[in-house]
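Engineer: Following this line is coords.cif, made up of mmCIF, C-alpha atoms:
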```cif
data_structure
loop_
_atom_site.label_atom_id
_atom_site.label_comp_id
_atom_site.auth_asym_id
_atom_site.auth_seq_id
_atom_site.Cartn_x
_atom_site.Cartn_y
_atom_site.Cartn_z
CA MET A 436 -9.00 -13.70 35.36
CA VAL A 437 -5.70 -14.48 33.63
CA ARG A 438 -4.57 -16.60 36.61
CA VAL A 439 -7.76 -18.64 36.32
CA PHE A 440 -7.73 -19.21 32.56
CA LEU A 441 -4.02 -19.74 31.86
CA PRO A 442 -3.52 -23.04 33.74
CA ARG A 443 -6.54 -24.52 31.97
CA ARG A 444 -5.28 -23.56 28.53
CA ILE A 445 -1.59 -24.48 28.77
CA GLY A 446 -2.08 -27.93 27.20
CA ARG A 447 -4.42 -26.70 24.44
CA ALA A 448 -2.74 -23.57 23.12
CA ALA A 449 0.66 -22.37 21.90
CA VAL A 450 2.58 -20.82 24.80
CA LEU A 451 4.72 -17.83 23.87
CA GLN A 452 8.28 -17.99 25.16
CA TYR A 453 9.19 -14.66 23.55
CA ALA A 454 7.04 -11.82 22.24
CA GLN A 455 8.25 -8.32 21.39
CA VAL A 456 7.70 -5.55 18.85
CA LEU A 457 11.20 -4.58 17.72
CA ASP A 458 12.24 -1.39 15.86
CA GLY A 459 8.69 -0.09 16.20
CA HIS A 460 7.08 -2.34 13.60
CA THR A 461 8.52 -5.88 13.57
CA MET A 462 6.68 -8.37 15.77
CA ASN A 463 8.89 -11.30 16.81
CA LEU A 464 7.26 -14.38 18.33
CA HIS A 465 8.59 -17.70 19.59
CA ALA A 466 6.11 -20.26 20.94
CA GLU A 467 5.92 -23.89 22.02
CA LEU A 468 2.94 -25.87 20.79
CA PRO A 469 1.11 -28.45 22.93
CA ASP A 470 2.31 -32.06 22.87
CA SER A 471 -0.81 -33.14 20.97
CA ALA A 472 -0.07 -30.84 18.02
CA PRO A 473 1.29 -32.59 14.89
CA LEU A 474 4.02 -31.17 12.67
CA GLY A 475 1.77 -29.76 9.98
CA GLU A 476 2.58 -29.15 6.36
CA SER A 477 2.48 -25.37 6.79
CA ALA A 478 1.32 -22.72 9.23
CA GLU A 479 0.13 -19.13 9.20
CA LEU A 480 -0.41 -16.44 11.77
CA GLU A 481 -3.83 -14.84 11.48
CA LEU A 482 -4.56 -11.32 12.74
CA LYS A 483 -8.22 -10.36 12.83
CA HIS A 484 -10.05 -7.14 13.70
CA GLY A 485 -13.73 -7.02 12.84
CA ARG A 486 -14.02 -8.02 9.20
CA GLN A 487 -10.35 -7.30 8.48
CA VAL A 488 -8.14 -10.37 8.31
CA PHE A 489 -4.42 -10.70 7.56
CA ARG A 490 -2.44 -13.94 7.31
CA THR A 491 1.31 -14.38 7.11
CA PRO A 492 3.47 -17.56 6.98
CA VAL A 493 5.36 -18.72 10.07
CA ARG A 494 7.99 -21.38 10.66
CA LEU A 495 7.24 -24.69 12.41
CA TYR A 496 10.03 -27.06 13.48
CA GLU A 497 11.01 -29.64 16.11
CA ASP A 498 13.96 -29.17 18.43
CA ARG A 499 16.31 -31.84 19.80
CA GLU A 500 13.84 -32.60 22.58
CA ASP A 501 11.07 -33.24 20.04
CA ARG A 502 9.19 -30.12 21.08
CA LEU A 503 7.17 -28.46 18.34
CA LEU A 504 8.10 -24.79 18.09
CA MET A 505 6.94 -21.79 16.10
CA ASP A 506 8.94 -18.74 15.02
CA ALA A 507 7.45 -15.63 13.43
CA ALA A 508 8.82 -12.28 12.30
CA VAL A 509 5.93 -10.13 11.12
CA LEU A 510 6.33 -6.68 9.61
CA LEU A 511 3.52 -4.39 10.75
CA GLY A 512 2.61 -1.43 8.59
CA ALA A 513 2.13 -0.42 4.98
CA GLY A 514 5.71 -1.08 3.84
CA PRO A 515 6.66 -3.79 1.32
CA GLY A 516 5.58 -7.15 2.72
CA GLY A 517 3.95 -5.55 5.75
CA LEU A 518 0.49 -6.03 7.20
CA SER A 519 -1.48 -2.80 6.88
CA LEU A 520 -3.06 -2.87 10.33
CA THR A 521 -5.52 -0.13 11.18
CA SER A 522 -6.20 1.29 14.62
CA GLY A 523 -7.73 -1.27 16.98
CA ARG A 524 -7.15 -4.51 18.87
CA TRP A 525 -6.16 -7.45 16.65
CA LYS A 526 -6.81 -11.03 17.76
CA THR A 527 -4.07 -13.53 16.87
CA THR A 528 -4.48 -17.21 15.98
CA LEU A 529 -2.01 -19.82 14.74
CA LEU A 530 -3.43 -21.80 11.80
CA MET A 531 -1.75 -25.13 11.05
CA GLN A 532 -2.49 -27.00 7.82
CA ASP A 533 -2.41 -30.78 8.41
CA GLY A 534 -3.55 -32.46 5.21
CA ARG A 535 -7.07 -31.23 4.52
CA ARG A 536 -7.55 -30.19 8.12
CA THR A 537 -6.81 -26.78 9.53
CA ARG A 538 -5.99 -26.75 13.24
CA LYS A 539 -6.32 -23.53 15.22
CA TYR A 540 -4.27 -22.62 18.27
CA LYS A 541 -4.47 -19.48 20.36
CA LEU A 542 -1.19 -17.87 21.41
CA LEU A 543 -0.92 -17.50 25.17
CA LEU A 544 1.03 -14.55 26.50
CA VAL A 545 1.94 -15.75 29.99
CA GLU A 546 4.13 -12.75 30.83
CA PRO A 547 3.68 -9.34 29.14
CA PRO A 548 6.82 -7.88 27.50
CA VAL A 549 9.08 -6.01 29.91
CA PRO A 550 10.91 -2.85 28.72
CA TYR A 551 14.67 -3.22 28.83
CA ALA A 552 17.25 -0.78 30.14
CA GLY A 553 20.31 0.59 28.39
CA PRO A 554 21.29 3.35 25.93
CA THR A 555 18.43 2.33 23.65
CA LYS A 556 14.77 1.70 24.37
CA PRO A 557 11.87 -0.09 22.66
CA MET A 558 10.56 2.09 19.87
CA SER A 559 7.06 3.29 20.67
CA ALA A 560 6.18 3.98 17.02
CA SER A 561 7.06 2.77 13.55
CA PRO A 562 9.79 4.86 11.90
CA VAL A 563 7.99 4.44 8.56
CA ASP A 564 4.40 5.55 9.22
CA GLY A 565 4.34 6.50 12.91
CA LEU A 566 1.78 3.83 13.82
CA ARG A 567 2.13 2.50 17.38
CA HIS A 568 1.99 -1.25 17.96
CA ARG A 569 2.06 -2.92 21.36
CA LEU A 570 1.36 -6.45 22.53
CA GLY A 571 -1.50 -7.06 24.93
CA ARG A 572 -3.64 -9.98 26.02
CA THR A 573 -7.27 -10.80 26.56
CA VAL A 574 -8.77 -11.70 29.94
CA ALA A 575 -8.08 -15.34 29.02
CA GLY A 576 -4.41 -14.63 28.28
CA SER A 577 -4.51 -14.72 24.46
CA LEU A 578 -2.11 -12.48 22.56
CA THR A 579 -3.49 -9.35 20.91
CA VAL A 580 -1.79 -6.67 18.84
CA VAL A 581 -3.00 -3.18 19.77
CA THR A 582 -2.45 -0.65 16.99
CA SER A 583 -2.92 3.10 17.48
CA ASN A 584 -2.92 5.95 14.99
CA PRO A 585 0.30 7.99 14.81
CA LYS A 586 0.76 11.08 16.91
CA PRO A 587 1.25 14.26 14.83
CA LEU A 588 5.01 14.67 14.35
CA ALA A 589 7.43 16.70 12.25
CA GLU A 590 10.55 14.58 11.76
CA VAL A 591 13.94 15.85 10.56
CA VAL A 592 15.21 14.20 7.37
CA ARG A 593 18.36 16.24 6.61
CA ILE A 594 20.20 19.33 7.83
CA ASP A 595 22.74 21.19 5.71
CA LEU A 596 24.67 24.14 7.14
CA SER A 597 26.67 26.29 4.73
CA HIS A 598 28.53 29.58 5.09
CA SER A 599 25.42 31.59 4.29
CA MET A 600 22.29 29.52 4.93
CA LEU A 601 20.67 26.67 6.80
CA VAL A 602 18.72 24.10 4.77
CA LEU A 603 16.32 21.82 6.66
CA ASP A 604 14.36 18.92 5.16
CA PHE A 605 11.63 17.30 7.25
CA ARG A 606 8.53 15.14 6.90
CA THR A 607 5.29 15.03 8.83
CA VAL A 608 3.60 11.95 10.29
CA GLY A 609 -0.03 11.82 11.36
CA ALA A 610 -0.65 15.45 10.35
CA ARG A 611 -2.21 17.16 7.36
CA LEU A 612 -0.74 20.52 6.44
CA GLU A 613 -2.76 23.23 4.69
CA GLU A 614 -0.61 26.01 3.22
CA PRO A 615 2.16 25.40 5.79
CA TRP A 616 5.13 27.56 6.68
CA ALA A 617 8.11 27.27 9.03
CA GLU A 618 8.61 29.38 12.14
CA PHE A 619 11.90 30.11 13.91
CA THR A 620 11.52 31.76 17.32
CA ALA A 621 14.16 33.07 19.73
CA SER A 622 13.31 35.23 22.75
CA ARG A 623 10.90 37.79 21.30
CA ARG A 624 12.05 37.35 17.71
CA ARG A 625 10.16 35.37 15.10
CA LEU A 626 11.03 34.39 11.53
CA GLN A 627 8.52 32.93 9.11
CA ARG A 628 9.87 31.10 6.08
CA PRO A 629 8.08 29.46 3.13
CA LEU A 630 8.28 25.71 2.51
CA GLU A 631 9.17 23.85 -0.66
CA ALA A 632 7.40 20.54 -1.28
CA LEU A 633 9.83 17.66 -2.00
CA PRO A 634 9.18 14.27 -3.62
CA GLY A 635 7.90 11.64 -1.21
CA GLY A 636 5.92 14.04 0.94
CA ALA A 637 8.84 15.85 2.56
CA TRP A 638 9.30 19.62 2.93
CA ARG A 639 12.29 21.96 2.73
CA VAL A 640 12.90 25.30 4.40
CA VAL A 641 15.87 27.55 3.63
CA VAL A 642 16.93 30.21 6.12
CA PRO A 643 19.56 32.84 5.22
CA LEU A 644 21.81 33.11 8.27
CA GLU A 645 21.94 36.88 7.89
CA GLU A 646 18.40 36.84 9.33
CA MET A 647 19.54 35.07 12.50
CA PRO A 648 22.32 37.21 14.04
CA PRO A 649 22.45 36.83 17.84
CA ALA A 650 20.91 39.81 19.63
CA ARG A 651 22.72 38.70 22.79
CA ALA A 652 25.79 36.59 23.39
CA THR A 653 23.74 33.50 22.45
CA ASP A 654 20.30 33.04 20.90
CA HIS A 655 18.45 29.72 20.83
CA TRP A 656 16.06 29.35 17.90
CA ASP A 657 13.23 26.82 18.21
CA VAL A 658 11.89 25.45 14.93
CA ALA A 659 8.28 24.53 14.15
CA VAL A 660 5.98 23.98 11.19
CA ALA A 661 2.68 25.87 11.24
CA SER A 662 -0.43 25.41 9.16
CA LYS A 663 -3.82 27.06 8.81
CA GLY A 664 -6.37 25.73 11.28
CA SER A 665 -3.97 23.44 13.16
CA ARG A 666 -1.51 23.58 16.03
CA ALA A 667 2.14 24.24 15.22
CA LEU A 668 4.41 21.19 15.42
CA ARG A 669 7.93 21.35 16.79
CA ILE A 670 10.39 19.88 14.31
CA GLY A 671 12.77 17.28 15.73
CA ARG A 672 13.69 13.59 15.89
CA ARG A 673 11.40 11.22 17.80
CA LEU A 674 10.98 8.09 15.67
CA HIS A 675 14.05 6.33 17.05
CA ASP A 676 15.13 4.08 19.93
CA VAL A 677 17.72 6.42 21.49
CA ARG A 678 17.17 7.45 25.11
CA ASN A 679 19.22 10.66 24.87
CA PRO A 680 19.02 12.21 21.36
CA MET A 681 20.91 15.30 22.56
CA ARG A 682 24.07 13.22 23.06
CA VAL A 683 23.68 10.70 20.23
CA PHE A 684 22.36 12.77 17.31
CA THR A 685 25.12 15.35 17.33
CA ILE A 686 25.48 17.88 14.53
CA ASN A 687 28.68 19.76 13.73
CA LYS A 688 28.66 23.46 14.43
CA GLY A 689 30.15 25.96 12.06
CA VAL A 690 31.65 29.44 12.07
CA VAL A 691 29.91 31.51 9.42
CA ALA A 692 30.18 35.09 8.22
CA PRO A 693 26.79 36.21 6.88
CA ARG A 694 26.85 39.05 4.42
CA GLY A 695 27.42 42.37 6.18
CA LEU A 696 27.59 40.82 9.68
CA ALA A 697 30.29 39.81 12.14
CA PRO A 698 31.23 36.11 12.18
CA MET A 699 29.09 33.91 14.43
CA ILE A 700 28.91 30.31 15.57
CA VAL A 701 25.87 28.34 14.36
CA HIS A 702 25.10 25.01 16.02
CA PRO A 703 21.97 23.01 15.05
CA ARG A 704 21.32 20.47 17.81
CA TYR A 705 18.64 18.46 19.56
CA THR A 706 17.24 18.96 23.03
CA ALA A 707 16.77 16.08 25.50
CA ALA A 708 13.17 15.81 24.25
CA GLY A 709 14.36 15.51 20.64
CA ASN A 710 13.31 19.00 19.49
CA LEU A 711 15.54 20.74 16.95
CA ARG A 712 17.15 23.93 18.20
CA VAL A 713 19.54 26.24 16.34
CA THR A 714 21.98 28.05 18.61
CA CYS A 715 23.61 31.20 17.21
CA SER A 716 26.46 32.71 19.24
CA ARG A 717 28.77 35.68 18.84
CA MET A 718 32.42 34.97 18.26
CA PRO A 719 34.46 35.73 21.41
CA GLU A 720 36.59 38.28 19.52
CA ALA A 721 33.50 40.03 18.21
CA GLY A 722 32.07 40.10 21.74
CA ARG A 723 35.22 41.75 23.15
CA ARG A 724 35.28 44.37 20.42
CA ALA A 725 31.61 45.13 21.13
#
```
Written as C-alpha cells, how would this file's structure read?
Structural biologist:
Amino acid sequence: MVRVFLPRRIGRAAVLQYAQVLDGHTMNLHAELPDSAPLGESAELELKHGRQVFRTPVRLYEDREDRLLMDAAVLLGAGPGGLSLTSGRWKTTLLMQDGRRTRKYKLLLVEPPVPYAGPTKPMSASPVDGLRHRLGRTVAGSLTVVTSNPKPLAEVVRIDLSHSMLVLDFRTVGARLEEPWAEFTASRRRLQRPLEALPGGAWRVVVPLEEMPPARATDHWDVAVASKGSRALRIGRRLHDVRNPMRVFTINKGVVAPRGLAPMIVHPRYTAAGNLRVTCSRMPEAGRRA
C-alpha cells in the first residue's frame, strides 16, 4: 500500500528527510516541502488523537537551492514545554499560515527510522516519565507518533555506601505502590527493610551492613521493591541509552567493618540487564583465618 500511495503524494506533501525520537522524548524532524508551497508567515506541527490536539511552532526556511524546508524539535511528555501525549497513535500535520489562509501538508515518512549501532542505542522510553514514543506511518505513508504507557520500573536515583550502611534512593515509573517495602535476597536469605518517602515521589531504603555478612566466600544480593497486591519490581537502571550498563555505570566498592563482624568487601553494581546487585565478599585474610 505504501508503494502505491507514496509516488502519488510526493508532489503534494512534505517529504521527511530525517525523523527520529532522540533521548527517549525529543522528536526531531527535517522535511522538504513541495515546490508549490509558499514561504508562509509561520508554521505549526499539529498532533491529533481523537479529540486531543496539540500544536507546536516549527521553523520554515529556504536553502541556497531555493528549496523550502522545515525543521522541528518537539519535546514529548509532561515536562516544561512538552506535549502531554497520552497512549495512542497520533496523526501529524504541518499547518502553514499564509496571510488569512492556512495550508495543510501531511508529512511523508518514506523510510522508517533505522536503529544505529555503537556503544549507545536509541532510548526506548522517556527518562522523565517512562512513556514510550516511536515513529510509525499510515498505509498511505503519513507520519504518526505512537505513544505507549510506561512499563512498571524501579529506577535508581542515588547510592551511598558508608562504613556501616548502604543507602539507596530510587523512584518508580508506571507503578503504584501500596505500603511498599524493600527486599534484599541472596541464596536462601531474605532481608525486608522499610522505605522512607522522599520529596518528588522517590523512596529511600537504609540497610545496615551488619545484616549482610557473606555466608560463603561471596554473596550476591538482588534488590527489589515489593508492595501489597502487586508484583515485586527489581530495582536498577533502565531509562538510559547505554548498551552495557554493567561496564558503563560502575560503582566503587568499599572495604567495611560492620560492628562485631570481620571486614568484608561490598560492591554495589549493575548486571548486564541493568538490575542492581550488591556483592558482599569475605576479605582474603579473613577467609584464610577461617
Engineer: Mind pulling up the distance from CA of Asn584 in chain A to CA of Arg567 in chain A?
Structural biologist: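 These two atoms are separated by 6.6 Å.
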Engineer: Which distance in Å separates CA of Pro562 in chain A and CA of Tyr705 in chain A, to one decimal?
Structural biologist: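 We find that CA of Pro562 in chain A and CA of Tyr705 in chain A lie 17.9 Å from each other.
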Engineer: Neighbours of Leu633 in chain A within 10 Å (all atoms listed in the file; same-chain residues fewer than 3 positions away dropped), as a list in words?
Structural biologist: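 With the cut-off at 10 Å, the set is Asp604, Phe605, Arg606, Leu630, Gly636, Ala637, Trp638 and Arg639 of chain A.
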Engineer: Hey, can you check how far CA of Ala707 in chain A sits from CA of Ser597 in chain A?
Structural biologist: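 Computing the Euclidean distance for CA of Ala707 in chain A and CA of Ser597 in chain A yields 25.2 Å.
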Engineer: The PyMOL selection byres ((chain A and resi 450) around 10) on the file shown: which residues, as number ranges by chain?
Structural biologist: A: 441, 444-449, 451-453, 465-469, 504-505, 540-545, 576-578
Engineer: Once the PyMOL selection byres ((chain A and resi 524-533) around 8) has been applied to the shown file, what residues remain in the selection, as number ranges by chain?
Structural biologist: A: 473-484, 522-523, 534-542, 577-582
Engineer: Write out the residues from the selection above, keeping C-alpha atoms, as an mmCIF file, keeping the file's coordinate frame.
Structural biologist:
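Wrote out.cif, looks like this:
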```cif
data_model
loop_
_atom_site.group_PDB
_atom_site.id
_atom_site.type_symbol
_atom_site.label_atom_id
_atom_site.label_comp_id
_atom_site.auth_asym_id
_atom_site.auth_seq_id
_atom_site.Cartn_x
_atom_site.Cartn_y
_atom_site.Cartn_z
ATOM 1 C CA PRO A 473 1.290 -32.590 14.890
ATOM 2 C CA LEU A 474 4.020 -31.170 12.670
ATOM 3 C CA GLY A 475 1.770 -29.760 9.980
ATOM 4 C CA GLU A 476 2.580 -29.150 6.360
ATOM 5 C CA SER A 477 2.480 -25.370 6.790
ATOM 6 C CA ALA A 478 1.320 -22.720 9.230
ATOM 7 C CA GLU A 479 0.130 -19.130 9.200
ATOM 8 C CA LEU A 480 -0.410 -16.440 11.770
ATOM 9 C CA GLU A 481 -3.830 -14.840 11.480
ATOM 10 C CA LEU A 482 -4.560 -11.320 12.740
ATOM 11 C CA LYS A 483 -8.220 -10.360 12.830
ATOM 12 C CA HIS A 484 -10.050 -7.140 13.700
ATOM 13 C CA SER A 522 -6.200 1.290 14.620
ATOM 14 C CA GLY A 523 -7.730 -1.270 16.980
ATOM 15 C CA GLY A 534 -3.550 -32.460 5.210
ATOM 16 C CA ARG A 535 -7.070 -31.230 4.520
ATOM 17 C CA ARG A 536 -7.550 -30.190 8.120
ATOM 18 C CA THR A 537 -6.810 -26.780 9.530
ATOM 19 C CA ARG A 538 -5.990 -26.750 13.240
ATOM 20 C CA LYS A 539 -6.320 -23.530 15.220
ATOM 21 C CA TYR A 540 -4.270 -22.620 18.270
ATOM 22 C CA LYS A 541 -4.470 -19.480 20.360
ATOM 23 C CA LEU A 542 -1.190 -17.870 21.410
ATOM 24 C CA SER A 577 -4.510 -14.720 24.460
ATOM 25 C CA LEU A 578 -2.110 -12.480 22.560
ATOM 26 C CA THR A 579 -3.490 -9.350 20.910
ATOM 27 C CA VAL A 580 -1.790 -6.670 18.840
ATOM 28 C CA VAL A 581 -3.000 -3.180 19.770
ATOM 29 C CA THR A 582 -2.450 -0.650 16.990
#
```
Engineer: Hey, what comes out of the PyMOL selection byres ((chain A and resi 641) around 10) on this file? Could you write it as a list in words?
Structural biologist: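 In the shown coordinates, the PyMOL selection byres ((chain A and resi 641) around 10) covers Asp595, Met600, Leu601, Val602, Leu603, Asp604, Ala617, Arg628, Pro629, Leu630, Glu631, Arg639, Val640, Val642, Pro643 and Leu644 of chain A.
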Engineer: Counting all atoms listed in the file, which of A:Arg682, A:Lys688, A:Arg669, A:His460 gets nearest to Leu570 in chain A?
Structural biologist: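 Looking only at the distances to Leu570 in chain A, the closest residue turns out to be A:His460.
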Engineer: Residues proximal to (20.6, 30.9, 20.9) were defined as those with any atom within 8 Å of that point in the file's coordinates, counting all atoms listed in the file. Which are they, as a list in words?
Structural biologist: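 Returned residue set, sorted by chain then number, is Ala621, Pro649, Thr653, Asp654, His655, Trp656, Val713, Thr714, Cys715 and Ser716 of chain A.
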